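Structure data (mmCIF, C-alpha atoms) from work_35.cif:
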data_protein
#
loop_
_atom_site.label_atom_id
_atom_site.label_comp_id
_atom_site.auth_asym_id
_atom_site.auth_seq_id
_atom_site.Cartn_x
_atom_site.Cartn_y
_atom_site.Cartn_z
CA MET S 1404 5.89 -15.81 -71.35
CA TYR S 1405 5.34 -17.28 -74.82
CA ASP S 1406 8.24 -19.74 -74.83
CA GLU S 1407 6.11 -22.87 -75.10
CA ARG S 1408 3.88 -21.38 -77.77
CA LEU S 1409 6.93 -20.25 -79.76
CA ALA S 1410 8.49 -23.71 -79.41
CA GLU S 1411 5.26 -25.29 -80.65
CA PHE S 1412 5.14 -22.91 -83.62
CA SER S 1413 8.76 -23.76 -84.42
CA ARG S 1414 8.06 -27.50 -84.29
CA GLU S 1415 4.88 -27.28 -86.32
CA ARG S 1416 5.87 -24.69 -88.94
CA LEU S 1417 9.69 -24.76 -89.12
CA ASP S 1418 10.54 -28.37 -88.22
CA GLY S 1419 12.08 -27.18 -84.93
CA ARG S 1420 14.38 -24.57 -86.46
CA PRO S 1421 14.96 -21.38 -84.45
CA ILE S 1422 12.33 -18.73 -85.07
CA PRO S 1423 13.87 -15.66 -86.74
CA ASP S 1424 13.82 -12.56 -84.52
CA ASP S 1425 11.36 -10.58 -86.63
CA LEU S 1426 8.96 -13.50 -86.85
CA ARG S 1427 9.11 -13.88 -83.06
CA VAL S 1428 8.12 -10.20 -82.63
CA LEU S 1429 5.26 -10.53 -85.12
CA LEU S 1430 3.93 -13.72 -83.55
CA VAL S 1431 3.92 -12.30 -80.04
CA ALA S 1432 2.18 -9.15 -81.29
CA GLN S 1433 -0.57 -11.27 -82.86
CA TRP S 1434 -0.96 -13.40 -79.73
CA GLU S 1435 -1.24 -10.24 -77.64
CA ALA S 1436 -3.93 -8.97 -80.05
CA ARG S 1437 -1.80 -5.98 -81.01
CA THR S 1438 -2.88 -4.91 -84.48
CA GLU S 1439 -0.22 -2.41 -85.53
CA PHE S 1440 1.84 -4.97 -87.48
CA THR S 1441 -1.26 -6.56 -89.00
CA ARG S 1442 -2.34 -3.12 -90.24
CA LEU S 1443 1.04 -2.53 -91.90
CA LEU S 1444 1.84 -6.00 -93.19
CA ASP S 1445 -1.58 -7.67 -93.56
CA LEU S 1446 -0.40 -11.00 -92.13
CA ASP S 1447 -2.35 -13.55 -90.13
CA PHE S 1448 -0.06 -16.18 -88.62
CA PHE S 1449 -1.14 -19.80 -88.48
CA GLU S 1450 -2.48 -21.08 -85.19
CA ALA S 1451 -1.56 -24.48 -83.82
CA GLY S 1452 -3.11 -27.34 -85.73
CA GLU S 1453 -3.93 -25.42 -88.92
CA VAL S 1454 -3.25 -27.57 -91.95
CA HIS S 1455 -0.35 -26.63 -94.22
CA PRO S 1456 -1.94 -25.30 -97.44
CA LEU S 1457 0.02 -27.79 -99.55
CA LEU S 1458 -1.44 -30.65 -97.49
CA ASP S 1459 -5.01 -29.37 -97.36
CA THR S 1460 -7.29 -31.48 -99.53
CA SER S 1461 -10.51 -30.63 -97.67
CA TYR S 1462 -11.77 -28.57 -100.60
CA LEU S 1463 -11.65 -31.57 -102.97
CA SER S 1464 -14.59 -33.89 -103.61
CA GLU S 1465 -14.29 -37.68 -103.20
CA LYS S 1466 -14.25 -37.97 -106.97
CA GLU S 1467 -11.38 -35.48 -107.22
CA LEU S 1468 -9.46 -37.25 -104.46
CA ALA S 1469 -9.81 -40.56 -106.33
CA ASP S 1470 -8.57 -39.08 -109.61
CA PRO S 1471 -5.02 -40.37 -110.35
CA GLU S 1472 -3.97 -37.02 -111.82
CA MET S 1473 -5.07 -35.20 -108.65
CA GLN S 1474 -3.39 -37.86 -106.52
CA ALA S 1475 -0.12 -37.16 -108.36
CA VAL S 1476 -0.46 -33.43 -107.68
CA ASN S 1477 -1.32 -34.02 -104.02
CA ALA S 1478 1.62 -36.38 -103.53
CA ALA S 1479 3.98 -33.85 -105.10
CA ALA S 1480 2.51 -31.08 -102.93
CA ALA S 1481 3.07 -33.22 -99.82
CA GLU S 1482 6.73 -33.62 -100.78
CA MET S 1483 7.02 -29.86 -101.38
CA ALA S 1484 5.60 -29.19 -97.90
CA LYS S 1485 8.85 -30.58 -96.52
CA TYR S 1486 10.66 -27.54 -97.95
CA VAL S 1487 7.97 -24.84 -98.10
CA LYS S 1488 7.59 -23.59 -94.54
CA LEU S 1489 4.55 -21.34 -94.61
CA VAL S 1490 3.93 -19.32 -91.48
CA ALA S 1491 1.14 -16.85 -92.34
CA LYS S 1492 -1.81 -16.04 -94.53
CA GLY S 1493 -1.21 -12.91 -96.53
CA GLY S 1494 0.03 -11.56 -99.82
CA LYS S 1495 -1.11 -13.73 -102.71
CA GLY S 1496 -2.17 -16.53 -100.37
CA TRP S 1497 0.42 -17.70 -97.87
CA ILE S 1498 3.90 -16.52 -96.90
CA GLY S 1499 6.92 -18.28 -95.46
CA TYR S 1500 10.34 -19.68 -96.20
CA TRP S 1501 11.95 -21.97 -98.79
CA LEU S 1502 14.14 -24.34 -96.78
CA HIS S 1503 15.32 -26.92 -99.28
CA PRO S 1504 18.40 -28.81 -98.00
CA ASP S 1505 20.43 -27.88 -101.10
CA GLU S 1506 20.08 -24.14 -100.39
CA PRO S 1507 23.15 -22.51 -98.78
CA THR S 1508 22.92 -22.30 -95.00
CA ASP S 1509 25.28 -19.33 -94.66
CA ARG S 1510 22.65 -16.74 -95.64
CA ALA S 1511 19.16 -15.72 -94.62
CA TRP S 1512 16.35 -18.09 -95.53
CA HIS S 1513 14.69 -17.52 -98.89
CA LEU S 1514 11.31 -15.84 -98.56
CA MET S 1515 8.41 -17.09 -100.60
CA GLU S 1516 4.72 -16.86 -101.27
CA LEU S 1517 2.37 -19.56 -102.42
CA ASP S 1518 -0.81 -18.56 -104.18
CA THR S 1519 -4.05 -20.49 -104.36
CA GLU S 1520 -3.06 -21.98 -107.73
CA PHE S 1521 0.11 -23.53 -106.20
CA THR S 1522 2.37 -20.98 -107.88
CA PHE S 1523 5.50 -20.08 -105.92
CA TRP S 1524 6.70 -16.48 -105.75
CA GLY S 1525 10.02 -15.25 -104.37
CA LEU S 1526 10.15 -12.21 -102.11
CA VAL S 1527 13.08 -9.83 -101.79
CA GLY S 1528 14.65 -9.04 -98.43
CA ARG S 1529 16.63 -10.71 -95.68
CA THR S 1530 13.72 -11.14 -93.26
CA LEU S 1531 10.07 -12.00 -93.53
CA THR S 1532 9.21 -8.46 -92.46
CA GLU S 1533 11.38 -6.94 -95.22
CA GLY S 1534 9.90 -9.21 -97.85
CA VAL S 1535 6.32 -8.49 -96.86
CA ALA S 1536 6.98 -4.75 -96.49
CA ALA S 1537 8.50 -4.70 -99.99
CA GLU S 1538 5.41 -6.36 -101.39
CA ARG S 1539 2.98 -4.22 -99.37
CA ALA S 1540 4.72 -1.07 -100.61
CA SER S 1541 2.93 -1.46 -103.93
CA TYR S 1542 -0.46 -1.38 -102.16
CA GLN S 1543 0.04 1.91 -100.28
CA ASP S 1544 -1.49 5.31 -101.03
CA GLU S 1545 1.98 6.52 -102.10
CA PRO S 1546 2.29 5.65 -105.84
CA ASP S 1547 6.11 5.46 -105.76
CA GLU S 1548 6.91 2.00 -104.39
CA ARG S 1549 10.36 3.12 -103.19
CA ILE S 1550 8.93 5.98 -101.13
CA ALA S 1551 6.13 3.75 -99.83
CA PHE S 1552 8.70 1.17 -98.71
CA THR S 1553 10.74 3.86 -96.94
CA GLN S 1554 7.58 5.01 -95.14
CA LEU S 1555 6.67 1.45 -94.12
CA ALA S 1556 10.23 0.83 -92.92
CA ALA S 1557 10.06 3.99 -90.78
CA GLU S 1558 6.73 2.93 -89.27
CA LEU S 1559 8.04 -0.57 -88.52
CA ALA S 1560 11.19 0.89 -86.91
CA GLY S 1561 8.98 3.15 -84.81
CA LEU S 1562 7.21 0.02 -83.56
CA GLY S 1563 10.52 -1.57 -82.61
CA LEU S 1564 11.02 -3.72 -85.70
CA PRO S 1565 13.74 -2.06 -87.79
CA LEU S 1566 14.56 -3.40 -91.23
CA SER S 1567 18.12 -3.80 -92.50
CA THR S 1568 17.47 -1.03 -95.03
CA ARG S 1569 14.97 1.68 -95.85
CA ASP S 1570 16.05 1.67 -99.48
CA HIS S 1571 13.83 -0.60 -101.59
CA GLY S 1572 16.51 -0.81 -104.27
CA THR S 1573 19.03 -2.46 -101.94
CA LEU S 1574 16.84 -5.32 -100.71
CA ALA S 1575 18.55 -8.69 -101.02
CA ASP S 1576 17.29 -10.86 -103.87
CA ALA S 1577 19.30 -14.10 -103.86
CA GLU S 1578 18.82 -16.73 -106.52
CA TYR S 1579 17.41 -20.12 -105.60
CA THR S 1580 19.76 -23.07 -105.80
CA VAL S 1581 16.69 -25.28 -106.22
CA ASP S 1582 13.83 -23.46 -107.93
CA PRO S 1583 10.51 -24.29 -106.20
CA GLU S 1584 8.44 -24.10 -109.39
CA GLU S 1585 10.77 -26.43 -111.26
CA LEU S 1586 10.93 -28.87 -108.36
CA MET S 1587 7.14 -28.97 -108.09
CA GLU S 1588 6.87 -29.75 -111.80
CA GLU S 1589 9.50 -32.50 -111.50
CA LEU S 1590 7.73 -34.02 -108.51
CA VAL S 1591 4.34 -33.98 -110.24
CA GLU S 1592 5.86 -35.67 -113.30
CA ALA S 1593 7.54 -38.32 -111.12
CA GLU S 1594 4.24 -38.99 -109.35
CA ARG S 1595 2.40 -39.17 -112.66
CA GLU S 1596 4.95 -41.68 -113.91
CA LYS S 1597 4.49 -43.83 -110.76
CA ARG S 1598 0.78 -43.96 -111.58
CA GLY S 1599 1.31 -44.78 -115.26
CA LEU S 1600 0.02 -41.39 -116.42
CA ARG S 1601 2.86 -40.56 -118.78
#

So, in terms of structure tokens, how does the structure I just supplied come out?
Amino acid sequence: MYDERLAEFSRERLDGRPIPDDLRVLLVAQWEARTEFTRLLDLDFFEAGEVHPLLDTSYLSEKELADPEMQAVNAAAAEMAKYVKLVAKGGKGWIGYWLHPDEPTDRAWHLMELDTEFTFWGLVGRTLTEGVAAERASYQDEPDERIAFTQLAAELAGLGLPLSTRDHGTLADAEYTVDPEELMEELVEAEREKRGLR
């Protein structure tokens, strides 16, 4: 029923890669206006045609767009958008995957957040749902994050979206091969050098 819409989302947000199973469930729930996952995870998935946050310069004035320093940052951000595959608004700003070609392909995709200051944050977990649930656990009424995560995991399982664990302490937290923050800094410096700003 949603095959074409899922294919379009994959092309636009994941460069045609297969949509992970949990993301598929969450997308269809949003498109069917079911709010149970939104209530638990506080995610709003991008609709077709929405600009990638790293490519969005609509908030900048003409003067800012003409500034060589800002041009260097925008060029670096455009390069980063090739690897930062954001799929939803939520968390600190936007949430998605780090899909740099030097990252190992024999494990789950790295989860990441991008905040409005272009700071990259890693999320723990093997799936987007696990990563977001782990983060949301700290915003629940239950003060113990581990118990809150267990409760969220149980609610998600009850909705047909089980996590690989209900134990917050066992969530996967793999190291980056290519650190997004470091790469962004390198790209900005390279762009500054191209513009004679060093």

Considering all atoms listed in the file, tabulate each residue of stretch 1415-1501 of chain S that lies at most 12 Å from stretch 1505-1509 of chain S along with its nearest interatomic pair and the corresponding distance in Å to one decimal; arrange the rows by chain and ascending residue number and present them as JSON lines.
{"residue": "S:Tyr1486", "atom": "CA", "partner": "S:Asp1505", "partner_atom": "CA", "distance": 10.3}
{"residue": "S:Tyr1500", "atom": "CA", "partner": "S:Glu1506", "partner_atom": "CA", "distance": 11.5}
{"residue": "S:Trp1501", "atom": "CA", "partner": "S:Glu1506", "partner_atom": "CA", "distance": 8.6}

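Here atom CA of S:Gly1534 is placed at a distance of 26.4 Å from atom CA of S:Ala1479.
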
Next item on the list: Starting from the point (10.1, -32.3, -98.8), work out which residues of protein, DNA or RNA have an atom no more than 12 Å away when counting only C-alpha atoms; state them as a list in words.
Entry: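 Here is the list of nearby residues: Asp1418, Leu1457, Leu1458, Ala1478, Ala1479, Ala1480, Ala1481, Glu1482, Met1483, Ala1484, Lys1485, Tyr1486, Val1487, Lys1488, Trp1501, Leu1502, His1503, Pro1504, Asp1505, Pro1583, Leu1586, Met1587 and Leu1590 of chain S.
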
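Counting all atoms listed in the file and comparing S:Arg1569, S:Arg1598, S:Arg1549, S:Arg1414, the residue that lies closest to S:Val1476 is S:Arg1598.
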
Item checked: Residue contacts of S:Tyr1462 (12 Å, all atoms listed in the file) excluding same-chain residues fewer than 6 positions away, as a list in words -> Pro1456, Leu1468 and Thr1519 of chain S

How about saving the chosen residues, C-alpha atoms kept, as a short mmCIF file (atom, residue, chain, number, x, y, z; two decimals), in the frame of the given file?
data_model
loop_
_atom_site.label_atom_id
_atom_site.label_comp_id
_atom_site.auth_asym_id
_atom_site.auth_seq_id
_atom_site.Cartn_x
_atom_site.Cartn_y
_atom_site.Cartn_z
CA PRO S 1456 -1.94 -25.30 -97.44
CA LEU S 1468 -9.46 -37.25 -104.46
CA THR S 1519 -4.05 -20.49 -104.36
#

Check: Closest to S:Ala1475 among S:Ala1551, S:Ala1536, S:Leu1600, S:Val1591, using all atoms listed in the file?
Finding: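 Residue with the minimum atom-to-atom distance to S:Ala1475: S:Val1591.
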
Next item on the list: Select, from S:Gly1528, S:Gly1499, S:Gly1599, S:Gly1419, the residue with the minimum atom-to-atom distance to S:Leu1574, counting only C-alpha atoms.
Entry: S:Gly1528

Next item on the list: Have a look at S:Ser1567, S:Gln1474, S:Thr1580, S:Ser1464 and name the one nearest to S:Glu1596; count only C-alpha atoms.
Entry: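 Between S:Ser1567, S:Gln1474, S:Thr1580, S:Ser1464, the residue approaching S:Glu1596 most closely is S:Gln1474.
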
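With all atoms listed in the file as the atoms that count, the minimum distance from S:Gly1494 to the choices S:His1571, S:Arg1437, S:Arg1442, S:Arg1539 is reached by S:Arg1539.
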
Next item on the list: Please indicate the distance in Å from atom CA of S:Thr1460 to atom CA of S:Glu1538, rounded to one decimal place.
Entry: 28.2 Å
